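File shown here: query30.txt, holding compact mmCIF, N, CA and C atoms.
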# COMPACT_ATOMS: atom_id res chain seq x y z
N MET R 1 27.09 15.83 34.76
CA MET R 1 26.60 14.57 34.20
C MET R 1 25.26 14.76 33.51
N ARG R 2 24.38 15.54 34.16
CA ARG R 2 23.05 15.79 33.59
C ARG R 2 23.16 16.55 32.27
N SER R 3 24.05 17.52 32.20
CA SER R 3 24.20 18.31 30.97
C SER R 3 24.74 17.46 29.82
N ILE R 4 25.55 16.45 30.13
CA ILE R 4 26.05 15.55 29.08
C ILE R 4 24.91 14.73 28.52
N ARG R 5 24.01 14.24 29.40
CA ARG R 5 22.86 13.47 28.92
C ARG R 5 21.94 14.34 28.06
N ILE R 6 21.71 15.56 28.50
CA ILE R 6 20.85 16.48 27.73
C ILE R 6 21.49 16.77 26.38
N MET R 7 22.78 17.00 26.37
CA MET R 7 23.49 17.27 25.11
C MET R 7 23.41 16.05 24.18
N ALA R 8 23.56 14.84 24.73
CA ALA R 8 23.47 13.63 23.93
C ALA R 8 22.07 13.47 23.35
N ILE R 9 21.04 13.76 24.13
CA ILE R 9 19.66 13.68 23.64
C ILE R 9 19.42 14.69 22.54
N VAL R 10 19.93 15.90 22.70
CA VAL R 10 19.77 16.93 21.67
C VAL R 10 20.46 16.51 20.38
N ILE R 11 21.66 15.96 20.49
CA ILE R 11 22.40 15.53 19.30
C ILE R 11 21.66 14.38 18.61
N LEU R 12 21.17 13.42 19.38
CA LEU R 12 20.39 12.32 18.78
C LEU R 12 19.13 12.83 18.11
N ALA R 13 18.46 13.80 18.72
CA ALA R 13 17.25 14.37 18.13
C ALA R 13 17.58 15.07 16.81
N LEU R 14 18.69 15.79 16.77
CA LEU R 14 19.09 16.46 15.53
C LEU R 14 19.38 15.46 14.42
N PHE R 15 20.07 14.36 14.77
CA PHE R 15 20.32 13.33 13.76
C PHE R 15 19.02 12.71 13.28
N ALA R 16 18.10 12.46 14.18
CA ALA R 16 16.81 11.88 13.80
C ALA R 16 16.04 12.82 12.88
N LEU R 17 16.04 14.10 13.20
CA LEU R 17 15.35 15.07 12.35
C LEU R 17 16.01 15.19 11.00
N ALA R 18 17.32 15.15 10.97
CA ALA R 18 18.03 15.23 9.68
C ALA R 18 17.72 14.01 8.82
N ALA R 19 17.55 12.85 9.45
CA ALA R 19 17.24 11.64 8.69
C ALA R 19 15.81 11.66 8.16
N CYS R 20 14.93 12.39 8.81
CA CYS R 20 13.52 12.40 8.42
C CYS R 20 13.20 13.39 7.32
N GLY R 21 14.04 14.27 7.02
CA GLY R 21 13.69 15.25 6.00
C GLY R 21 14.93 15.92 5.47
N GLY R 22 14.70 17.01 4.78
CA GLY R 22 15.82 17.73 4.22
C GLY R 22 16.28 17.10 2.93
N GLY R 23 17.19 17.77 2.30
CA GLY R 23 17.70 17.24 1.05
C GLY R 23 16.83 17.61 -0.12
N ASP R 24 17.29 17.26 -1.28
CA ASP R 24 16.62 17.59 -2.53
C ASP R 24 15.57 16.53 -2.84
N VAL R 25 14.31 16.94 -2.88
CA VAL R 25 13.23 16.00 -3.18
C VAL R 25 12.63 16.26 -4.56
N THR R 26 13.33 17.03 -5.39
CA THR R 26 12.84 17.23 -6.75
C THR R 26 13.04 15.94 -7.54
N VAL R 27 12.15 15.72 -8.49
CA VAL R 27 12.21 14.51 -9.30
C VAL R 27 12.18 14.94 -10.77
N PRO R 28 13.32 14.85 -11.45
CA PRO R 28 13.33 15.25 -12.86
C PRO R 28 12.56 14.26 -13.72
N PRO R 29 11.97 14.75 -14.80
CA PRO R 29 11.27 13.83 -15.71
C PRO R 29 12.29 12.93 -16.41
N PRO R 30 11.83 11.81 -16.91
CA PRO R 30 12.75 10.93 -17.66
C PRO R 30 13.31 11.66 -18.89
N PRO R 31 14.49 11.25 -19.36
CA PRO R 31 15.06 11.87 -20.55
C PRO R 31 14.10 11.78 -21.74
N ASN R 32 14.06 12.84 -22.52
CA ASN R 32 13.25 12.94 -23.74
C ASN R 32 11.75 12.86 -23.48
N ALA R 33 11.32 13.11 -22.25
CA ALA R 33 9.90 13.06 -21.91
C ALA R 33 9.21 14.35 -22.33
N GLN R 34 8.00 14.18 -22.80
CA GLN R 34 7.14 15.31 -23.18
C GLN R 34 5.87 15.22 -22.35
N PRO R 35 5.17 16.34 -22.14
CA PRO R 35 3.89 16.27 -21.43
C PRO R 35 2.93 15.32 -22.16
N PHE R 36 2.22 14.52 -21.41
CA PHE R 36 1.30 13.53 -21.97
C PHE R 36 0.03 14.20 -22.46
N GLU R 37 -0.37 13.85 -23.65
CA GLU R 37 -1.67 14.25 -24.19
C GLU R 37 -2.47 13.01 -24.51
N SER R 38 -1.89 12.11 -25.30
CA SER R 38 -2.56 10.86 -25.63
C SER R 38 -1.54 9.90 -26.20
N SER R 39 -1.74 8.63 -25.91
CA SER R 39 -0.87 7.60 -26.46
C SER R 39 -1.48 7.00 -27.73
N GLY R 40 -2.73 7.38 -27.99
CA GLY R 40 -3.44 6.79 -29.12
C GLY R 40 -4.09 5.47 -28.77
N SER R 41 -4.01 5.07 -27.51
CA SER R 41 -4.58 3.80 -27.08
C SER R 41 -5.63 4.04 -25.99
N PRO R 42 -6.89 3.73 -26.26
CA PRO R 42 -7.91 3.87 -25.22
C PRO R 42 -7.60 3.03 -23.98
N LYS R 43 -6.98 1.86 -24.17
CA LYS R 43 -6.62 1.00 -23.03
C LYS R 43 -5.60 1.69 -22.14
N VAL R 44 -4.58 2.32 -22.73
CA VAL R 44 -3.56 3.02 -21.94
C VAL R 44 -4.19 4.22 -21.23
N ASP R 45 -5.04 4.96 -21.93
CA ASP R 45 -5.72 6.09 -21.29
C ASP R 45 -6.55 5.61 -20.10
N GLN R 46 -7.15 4.43 -20.21
CA GLN R 46 -7.93 3.86 -19.12
C GLN R 46 -7.01 3.47 -17.95
N ILE R 47 -5.85 2.90 -18.26
CA ILE R 47 -4.88 2.54 -17.22
C ILE R 47 -4.43 3.78 -16.46
N ILE R 48 -4.09 4.84 -17.19
CA ILE R 48 -3.64 6.09 -16.55
C ILE R 48 -4.75 6.66 -15.67
N ALA R 49 -5.98 6.67 -16.15
CA ALA R 49 -7.10 7.18 -15.37
C ALA R 49 -7.26 6.38 -14.08
N SER R 50 -7.10 5.08 -14.17
CA SER R 50 -7.19 4.22 -12.99
C SER R 50 -6.07 4.54 -12.00
N TRP R 51 -4.84 4.67 -12.50
CA TRP R 51 -3.72 5.00 -11.62
C TRP R 51 -3.95 6.33 -10.92
N ARG R 52 -4.47 7.31 -11.64
CA ARG R 52 -4.70 8.63 -11.04
C ARG R 52 -5.64 8.50 -9.85
N SER R 53 -6.66 7.74 -9.99
CA SER R 53 -7.64 7.57 -8.92
C SER R 53 -7.06 6.77 -7.75
N VAL R 54 -6.50 5.62 -8.05
CA VAL R 54 -6.01 4.72 -7.01
C VAL R 54 -4.80 5.32 -6.28
N ALA R 55 -3.86 5.89 -7.00
CA ALA R 55 -2.64 6.41 -6.37
C ALA R 55 -2.95 7.52 -5.38
N ILE R 56 -3.84 8.41 -5.74
CA ILE R 56 -4.19 9.51 -4.83
C ILE R 56 -4.84 8.96 -3.57
N GLU R 57 -5.75 8.02 -3.71
CA GLU R 57 -6.41 7.44 -2.54
C GLU R 57 -5.42 6.69 -1.65
N GLU R 58 -4.50 5.95 -2.26
CA GLU R 58 -3.51 5.21 -1.47
C GLU R 58 -2.55 6.16 -0.75
N MET R 59 -2.18 7.25 -1.40
CA MET R 59 -1.31 8.23 -0.75
C MET R 59 -2.02 8.84 0.46
N LYS R 60 -3.29 9.16 0.31
CA LYS R 60 -4.06 9.72 1.43
C LYS R 60 -4.12 8.71 2.58
N LYS R 61 -4.33 7.43 2.26
CA LYS R 61 -4.36 6.39 3.30
C LYS R 61 -3.03 6.28 4.01
N ASP R 62 -1.95 6.63 3.31
CA ASP R 62 -0.60 6.55 3.87
C ASP R 62 -0.21 7.86 4.56
N ALA R 63 -1.20 8.71 4.85
CA ALA R 63 -1.03 9.97 5.59
C ALA R 63 -0.32 11.06 4.80
N VAL R 64 -0.28 10.95 3.49
CA VAL R 64 0.28 12.02 2.66
C VAL R 64 -0.78 13.13 2.57
N LYS R 65 -0.34 14.35 2.80
CA LYS R 65 -1.27 15.49 2.79
C LYS R 65 -1.70 15.79 1.36
N GLU R 66 -3.01 15.87 1.18
CA GLU R 66 -3.57 16.07 -0.16
C GLU R 66 -3.05 17.35 -0.82
N GLU R 67 -2.87 18.40 -0.03
CA GLU R 67 -2.43 19.67 -0.60
C GLU R 67 -0.99 19.65 -1.10
N THR R 68 -0.23 18.59 -0.75
CA THR R 68 1.16 18.50 -1.20
C THR R 68 1.32 17.63 -2.45
N LEU R 69 0.24 17.00 -2.90
CA LEU R 69 0.35 16.07 -4.03
C LEU R 69 0.68 16.79 -5.33
N VAL R 70 1.65 16.24 -6.03
CA VAL R 70 2.06 16.75 -7.35
C VAL R 70 2.01 15.57 -8.32
N GLU R 71 1.14 15.68 -9.30
CA GLU R 71 0.93 14.62 -10.27
C GLU R 71 1.49 15.07 -11.62
N GLU R 72 2.25 14.18 -12.26
CA GLU R 72 2.78 14.49 -13.59
C GLU R 72 2.62 13.27 -14.48
N ILE R 73 2.34 13.52 -15.75
CA ILE R 73 2.22 12.43 -16.72
C ILE R 73 3.04 12.82 -17.96
N PHE R 74 3.89 11.91 -18.37
CA PHE R 74 4.79 12.14 -19.50
C PHE R 74 4.61 11.05 -20.54
N ILE R 75 5.08 11.34 -21.74
CA ILE R 75 5.20 10.31 -22.78
C ILE R 75 6.61 10.40 -23.35
N ILE R 76 7.19 9.24 -23.60
CA ILE R 76 8.53 9.15 -24.16
C ILE R 76 8.41 8.40 -25.48
N ASP R 77 8.83 9.06 -26.55
CA ASP R 77 8.72 8.42 -27.87
C ASP R 77 9.75 7.32 -28.07
N ASN R 78 10.98 7.55 -27.60
CA ASN R 78 12.04 6.56 -27.78
C ASN R 78 12.56 6.14 -26.41
N GLY R 79 12.55 4.88 -26.15
CA GLY R 79 13.03 4.37 -24.88
C GLY R 79 12.30 3.10 -24.49
N SER R 80 12.60 2.64 -23.30
CA SER R 80 11.99 1.40 -22.82
C SER R 80 11.58 1.57 -21.37
N LEU R 81 10.81 0.62 -20.89
CA LEU R 81 10.44 0.62 -19.48
C LEU R 81 11.68 0.46 -18.59
N ALA R 82 12.65 -0.31 -19.06
CA ALA R 82 13.89 -0.47 -18.30
C ALA R 82 14.61 0.87 -18.17
N ASP R 83 14.59 1.69 -19.23
CA ASP R 83 15.19 3.02 -19.17
C ASP R 83 14.50 3.88 -18.11
N VAL R 84 13.17 3.80 -18.07
CA VAL R 84 12.40 4.56 -17.09
C VAL R 84 12.74 4.07 -15.68
N GLN R 85 12.77 2.76 -15.50
CA GLN R 85 13.11 2.20 -14.20
C GLN R 85 14.50 2.66 -13.75
N ASN R 86 15.47 2.62 -14.64
CA ASN R 86 16.84 3.05 -14.31
C ASN R 86 16.90 4.53 -13.97
N HIS R 87 16.11 5.33 -14.69
CA HIS R 87 16.07 6.77 -14.42
C HIS R 87 15.63 7.03 -12.98
N TYR R 88 14.56 6.39 -12.56
CA TYR R 88 14.06 6.61 -11.20
C TYR R 88 14.93 5.92 -10.15
N MET R 89 15.53 4.79 -10.49
CA MET R 89 16.43 4.11 -9.55
C MET R 89 17.63 5.00 -9.21
N ALA R 90 18.00 5.87 -10.13
CA ALA R 90 19.12 6.80 -9.88
C ALA R 90 18.80 7.78 -8.75
N LEU R 91 17.53 7.93 -8.39
CA LEU R 91 17.18 8.79 -7.26
C LEU R 91 17.82 8.32 -5.97
N THR R 92 18.14 7.03 -5.88
CA THR R 92 18.74 6.50 -4.66
C THR R 92 20.13 7.10 -4.41
N GLN R 93 20.73 7.69 -5.44
CA GLN R 93 22.01 8.37 -5.27
C GLN R 93 21.84 9.75 -4.66
N ASN R 94 20.56 10.21 -4.54
CA ASN R 94 20.27 11.53 -3.97
C ASN R 94 19.47 11.44 -2.68
N GLY R 95 19.60 10.33 -1.97
CA GLY R 95 18.96 10.21 -0.67
C GLY R 95 17.59 9.54 -0.68
N TRP R 96 17.06 9.22 -1.83
CA TRP R 96 15.78 8.50 -1.90
C TRP R 96 16.07 7.03 -1.61
N TRP R 97 15.08 6.33 -1.09
CA TRP R 97 15.22 4.88 -0.95
C TRP R 97 14.06 4.19 -1.62
N HIS R 98 14.37 3.06 -2.19
CA HIS R 98 13.43 2.29 -2.99
C HIS R 98 12.46 1.55 -2.08
N VAL R 99 11.17 1.66 -2.36
CA VAL R 99 10.15 0.95 -1.59
C VAL R 99 10.03 -0.46 -2.16
N ARG R 100 10.38 -1.44 -1.39
CA ARG R 100 10.45 -2.83 -1.86
C ARG R 100 9.08 -3.47 -2.06
N ARG R 101 8.03 -2.94 -1.45
CA ARG R 101 6.72 -3.59 -1.55
C ARG R 101 6.02 -3.34 -2.89
N MET R 102 6.59 -2.51 -3.73
CA MET R 102 6.03 -2.27 -5.06
C MET R 102 6.48 -3.38 -6.01
N PRO R 103 5.64 -3.75 -6.99
CA PRO R 103 5.99 -4.89 -7.85
C PRO R 103 7.14 -4.65 -8.82
N GLY R 104 7.44 -3.38 -9.15
CA GLY R 104 8.54 -3.11 -10.08
C GLY R 104 8.14 -3.37 -11.52
N LEU R 105 9.12 -3.75 -12.34
CA LEU R 105 8.91 -3.98 -13.76
C LEU R 105 8.38 -5.39 -13.97
N GLN R 106 7.18 -5.46 -14.56
CA GLN R 106 6.57 -6.75 -14.85
C GLN R 106 5.94 -6.69 -16.23
N GLY R 107 6.62 -7.25 -17.19
CA GLY R 107 6.11 -7.27 -18.56
C GLY R 107 6.04 -5.89 -19.17
N ASP R 108 4.83 -5.45 -19.49
CA ASP R 108 4.62 -4.18 -20.18
C ASP R 108 4.30 -3.02 -19.23
N VAL R 109 4.46 -3.26 -17.92
CA VAL R 109 4.09 -2.26 -16.92
C VAL R 109 5.17 -2.17 -15.84
N LEU R 110 5.42 -0.93 -15.39
CA LEU R 110 6.33 -0.66 -14.27
C LEU R 110 5.52 0.04 -13.19
N LEU R 111 5.52 -0.52 -11.98
CA LEU R 111 4.92 0.13 -10.81
C LEU R 111 5.99 0.16 -9.73
N ASP R 112 6.37 1.37 -9.32
CA ASP R 112 7.49 1.51 -8.40
C ASP R 112 7.24 2.63 -7.42
N GLY R 113 8.04 2.67 -6.36
CA GLY R 113 7.89 3.71 -5.37
C GLY R 113 9.20 4.02 -4.68
N TYR R 114 9.31 5.27 -4.22
CA TYR R 114 10.50 5.75 -3.52
C TYR R 114 10.07 6.68 -2.40
N GLU R 115 10.92 6.79 -1.38
CA GLU R 115 10.68 7.74 -0.30
C GLU R 115 11.96 8.47 0.02
N HIS R 116 11.78 9.71 0.46
CA HIS R 116 12.90 10.55 0.89
C HIS R 116 12.41 11.31 2.10
N GLY R 117 12.79 10.84 3.29
CA GLY R 117 12.27 11.45 4.51
C GLY R 117 10.77 11.26 4.56
N THR R 118 10.04 12.36 4.58
CA THR R 118 8.58 12.30 4.63
C THR R 118 7.93 12.45 3.26
N THR R 119 8.73 12.45 2.21
CA THR R 119 8.22 12.59 0.85
C THR R 119 8.11 11.22 0.19
N ALA R 120 6.95 10.96 -0.40
CA ALA R 120 6.70 9.69 -1.08
C ALA R 120 6.53 9.94 -2.58
N LEU R 121 6.97 8.99 -3.38
CA LEU R 121 6.86 9.07 -4.83
C LEU R 121 6.39 7.72 -5.37
N VAL R 122 5.36 7.76 -6.21
CA VAL R 122 4.86 6.57 -6.88
C VAL R 122 5.04 6.77 -8.37
N ILE R 123 5.51 5.72 -9.04
CA ILE R 123 5.72 5.77 -10.49
C ILE R 123 4.96 4.62 -11.14
N GLY R 124 4.24 4.94 -12.20
CA GLY R 124 3.62 3.93 -13.03
C GLY R 124 4.01 4.22 -14.47
N ALA R 125 4.41 3.21 -15.19
CA ALA R 125 4.77 3.39 -16.61
C ALA R 125 4.25 2.20 -17.39
N VAL R 126 3.81 2.49 -18.60
CA VAL R 126 3.26 1.43 -19.45
C VAL R 126 3.77 1.63 -20.87
N ASP R 127 4.10 0.52 -21.51
CA ASP R 127 4.53 0.54 -22.90
C ASP R 127 3.28 0.55 -23.78
N ALA R 128 2.90 1.73 -24.25
CA ALA R 128 1.66 1.89 -25.01
C ALA R 128 1.69 1.12 -26.33
N SER R 129 2.88 0.86 -26.86
CA SER R 129 2.95 0.13 -28.13
C SER R 129 2.39 -1.29 -28.00
N LYS R 130 2.36 -1.82 -26.80
CA LYS R 130 1.80 -3.16 -26.57
C LYS R 130 0.28 -3.14 -26.52
N PHE R 131 -0.29 -1.92 -26.52
CA PHE R 131 -1.74 -1.75 -26.46
C PHE R 131 -2.24 -0.91 -27.64
N ASN R 132 -1.59 -1.08 -28.80
CA ASN R 132 -1.95 -0.37 -30.04
C ASN R 132 -1.82 1.14 -29.92
N GLY R 133 -0.87 1.60 -29.11
CA GLY R 133 -0.59 3.02 -28.98
C GLY R 133 0.85 3.29 -29.36
N LYS R 134 1.39 4.42 -28.87
CA LYS R 134 2.79 4.72 -29.15
C LYS R 134 3.46 5.28 -27.92
N GLY R 135 4.73 4.96 -27.76
CA GLY R 135 5.55 5.50 -26.70
C GLY R 135 5.40 4.79 -25.36
N ILE R 136 6.16 5.32 -24.40
CA ILE R 136 6.10 4.87 -23.02
C ILE R 136 5.41 5.99 -22.25
N VAL R 137 4.33 5.67 -21.57
CA VAL R 137 3.60 6.67 -20.79
C VAL R 137 4.02 6.49 -19.33
N VAL R 138 4.41 7.60 -18.71
CA VAL R 138 4.92 7.59 -17.34
C VAL R 138 4.04 8.46 -16.46
N TYR R 139 3.53 7.89 -15.39
CA TYR R 139 2.71 8.60 -14.41
C TYR R 139 3.48 8.70 -13.10
N THR R 140 3.55 9.91 -12.51
CA THR R 140 4.19 10.05 -11.21
C THR R 140 3.28 10.84 -10.28
N LEU R 141 3.34 10.48 -9.00
CA LEU R 141 2.62 11.19 -7.96
C LEU R 141 3.54 11.32 -6.77
N ARG R 142 3.75 12.56 -6.32
CA ARG R 142 4.66 12.84 -5.21
C ARG R 142 3.90 13.64 -4.16
N GLY R 143 4.18 13.36 -2.89
CA GLY R 143 3.54 14.11 -1.83
C GLY R 143 4.29 13.95 -0.52
N THR R 144 3.92 14.77 0.46
CA THR R 144 4.60 14.80 1.75
C THR R 144 3.65 14.45 2.87
N LYS R 145 4.13 13.68 3.80
CA LYS R 145 3.34 13.29 4.98
C LYS R 145 3.35 14.41 6.00
Take the structure in this file and express it as structure tokens.
Amino acid sequence: MRSIRIMAIVILALFALAACGGGDVTVPPPPNAQPFESSGSPKVDQIIASWRSVAIEEMKKDAVKEETLVEEIFIIDNGSLADVQNHYMALTQNGWWHVRRMPGLQGDVLLDGYEHGTTALVIGAVDASKFNGKGIVVYTLRGTK
């Protein structure tokens, strides 16, 4: 009887560990994305600079290890914020789950988040054309707790 309980505890622990991690946590860039250099809009550059500062601090507050942080910034010449949102929403088909406390797509800005086990991902995107720039600028920050 005791060995059955121990075996059940071990099996439950294995399931819990499998749910907490593992799997593919790579995040592909949006289609047609290029490395960000400039959108041509000082306002958008200011928004991105703000996100870089705030996102890193918030990740640290959420117990994400600083040494695991991976920051990427892209620009997409053709596309929309809805396309970017759909691209990242597709991560849910690979074991990621959508963080509901993020505001999502609101007007000219997308702020979203996803988690996969102990890995967190934050996405910010802005339509630079609405701020006298060009393209959709996408900021991502990923890290592990």
inquiry  = Could you list, as a PyMOL selection string, every residue within 7 Å of Gly95 in chain R, counting all atoms listed in the file and ignoring same-chain residues fewer than 4 positions away?
reply    = chain R and resi 91+115-117
key: Residue neighbourhood Ile73 in chain R, 12 Å, only C-alpha atoms, exclusion window fewer than 5 positions, as a ChimeraX atom specification   = /R:29-30,33-39,45,48-49,51-52,122-126,136-142
key: Local residues around (16.7, 16.0, -2.2), at most 10 Å away, using only C-alpha atoms, as a PyMOL selection string   = chain R and resi 21-27+91+93-96+116-117+119
task = Please run DSSP on the backbone and report, as JSON, numbers by chain, all residues within chain R that come out as strand (DSSP E).
result = {"R": [33, 34, 35, 70, 71, 72, 73, 74, 75, 76, 97, 98, 104, 105, 106, 109, 110, 111, 112, 113, 114, 115, 116, 119, 120, 121, 122, 123, 124, 125, 126, 127, 136, 137, 138, 139, 140, 141, 142, 143, 144]}
task = Could you tell me, as a ChimeraX atom specification, which residues of chain R DSSP assigns to alpha helix (DSSP H) when given the backbone?
result = /R:2-20,42-61,81-89
task = Report the distance between atom C of Asp77 in chain R and CA of Lys134 in chain R in Å, rounded to one decimal place.
result =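 Going from atom C of Asp77 in chain R over to CA of Lys134 in chain R, I get 7.5 Å.
The coordinates place atom N of Thr144 in chain R at 7.1 Å from atom N of Glu66 in chain R.
Between CA of Ala128 in chain R and CA of Gly113 in chain R there is a distance of 20.7 Å.
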Could range 96-116 of chain R be completed with N, CA, C and O atoms and returned as a compact mmCIF listing (two decimals), keeping the file's coordinate frame?
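Okay, this is what ended up in selection19.txt:
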# COMPACT_ATOMS: atom_id res chain seq x y z
N TRP R 96 17.06 9.22 -1.83
CA TRP R 96 15.78 8.50 -1.90
C TRP R 96 16.07 7.03 -1.61
O TRP R 96 17.15 6.52 -1.89
N TRP R 97 15.08 6.33 -1.09
CA TRP R 97 15.22 4.88 -0.95
C TRP R 97 14.06 4.19 -1.62
O TRP R 97 12.94 4.69 -1.65
N HIS R 98 14.37 3.06 -2.19
CA HIS R 98 13.43 2.29 -2.99
C HIS R 98 12.46 1.55 -2.08
O HIS R 98 12.88 0.89 -1.14
N VAL R 99 11.17 1.66 -2.36
CA VAL R 99 10.15 0.95 -1.59
C VAL R 99 10.03 -0.46 -2.16
O VAL R 99 9.60 -0.64 -3.31
N ARG R 100 10.38 -1.44 -1.39
CA ARG R 100 10.45 -2.83 -1.86
C ARG R 100 9.08 -3.47 -2.06
O ARG R 100 8.97 -4.45 -2.77
N ARG R 101 8.03 -2.94 -1.45
CA ARG R 101 6.72 -3.59 -1.55
C ARG R 101 6.02 -3.34 -2.89
O ARG R 101 4.97 -3.91 -3.14
N MET R 102 6.59 -2.51 -3.73
CA MET R 102 6.03 -2.27 -5.06
C MET R 102 6.48 -3.38 -6.01
O MET R 102 7.58 -3.89 -5.88
N PRO R 103 5.64 -3.75 -6.99
CA PRO R 103 5.99 -4.89 -7.85
C PRO R 103 7.14 -4.65 -8.82
O PRO R 103 7.75 -5.59 -9.30
N GLY R 104 7.44 -3.38 -9.15
CA GLY R 104 8.54 -3.11 -10.08
C GLY R 104 8.14 -3.37 -11.52
O GLY R 104 6.99 -3.25 -11.90
N LEU R 105 9.12 -3.75 -12.34
CA LEU R 105 8.91 -3.98 -13.76
C LEU R 105 8.38 -5.39 -13.97
O LEU R 105 9.02 -6.37 -13.59
N GLN R 106 7.18 -5.46 -14.56
CA GLN R 106 6.57 -6.75 -14.85
C GLN R 106 5.94 -6.69 -16.23
O GLN R 106 4.87 -6.09 -16.40
N GLY R 107 6.62 -7.25 -17.19
CA GLY R 107 6.11 -7.27 -18.56
C GLY R 107 6.04 -5.89 -19.17
O GLY R 107 7.05 -5.22 -19.32
N ASP R 108 4.83 -5.45 -19.49
CA ASP R 108 4.62 -4.18 -20.18
C ASP R 108 4.30 -3.02 -19.23
O ASP R 108 3.91 -1.94 -19.68
N VAL R 109 4.46 -3.26 -17.92
CA VAL R 109 4.09 -2.26 -16.92
C VAL R 109 5.17 -2.17 -15.84
O VAL R 109 5.74 -3.17 -15.42
N LEU R 110 5.42 -0.93 -15.39
CA LEU R 110 6.33 -0.66 -14.27
C LEU R 110 5.52 0.04 -13.19
O LEU R 110 4.87 1.05 -13.45
N LEU R 111 5.52 -0.52 -11.98
CA LEU R 111 4.92 0.13 -10.81
C LEU R 111 5.99 0.16 -9.73
O LEU R 111 6.46 -0.89 -9.29
N ASP R 112 6.37 1.37 -9.32
CA ASP R 112 7.49 1.51 -8.40
C ASP R 112 7.24 2.63 -7.42
O ASP R 112 6.35 3.46 -7.62
N GLY R 113 8.04 2.67 -6.36
CA GLY R 113 7.89 3.71 -5.37
C GLY R 113 9.20 4.02 -4.68
O GLY R 113 10.08 3.16 -4.56
N TYR R 114 9.31 5.27 -4.22
CA TYR R 114 10.50 5.75 -3.52
C TYR R 114 10.07 6.68 -2.40
O TYR R 114 9.00 7.27 -2.47
N GLU R 115 10.92 6.79 -1.38
CA GLU R 115 10.68 7.74 -0.30
C GLU R 115 11.96 8.47 0.02
O GLU R 115 13.05 7.94 -0.15
N HIS R 116 11.78 9.71 0.46
CA HIS R 116 12.90 10.55 0.89
C HIS R 116 12.41 11.31 2.10
O HIS R 116 11.66 12.27 1.97
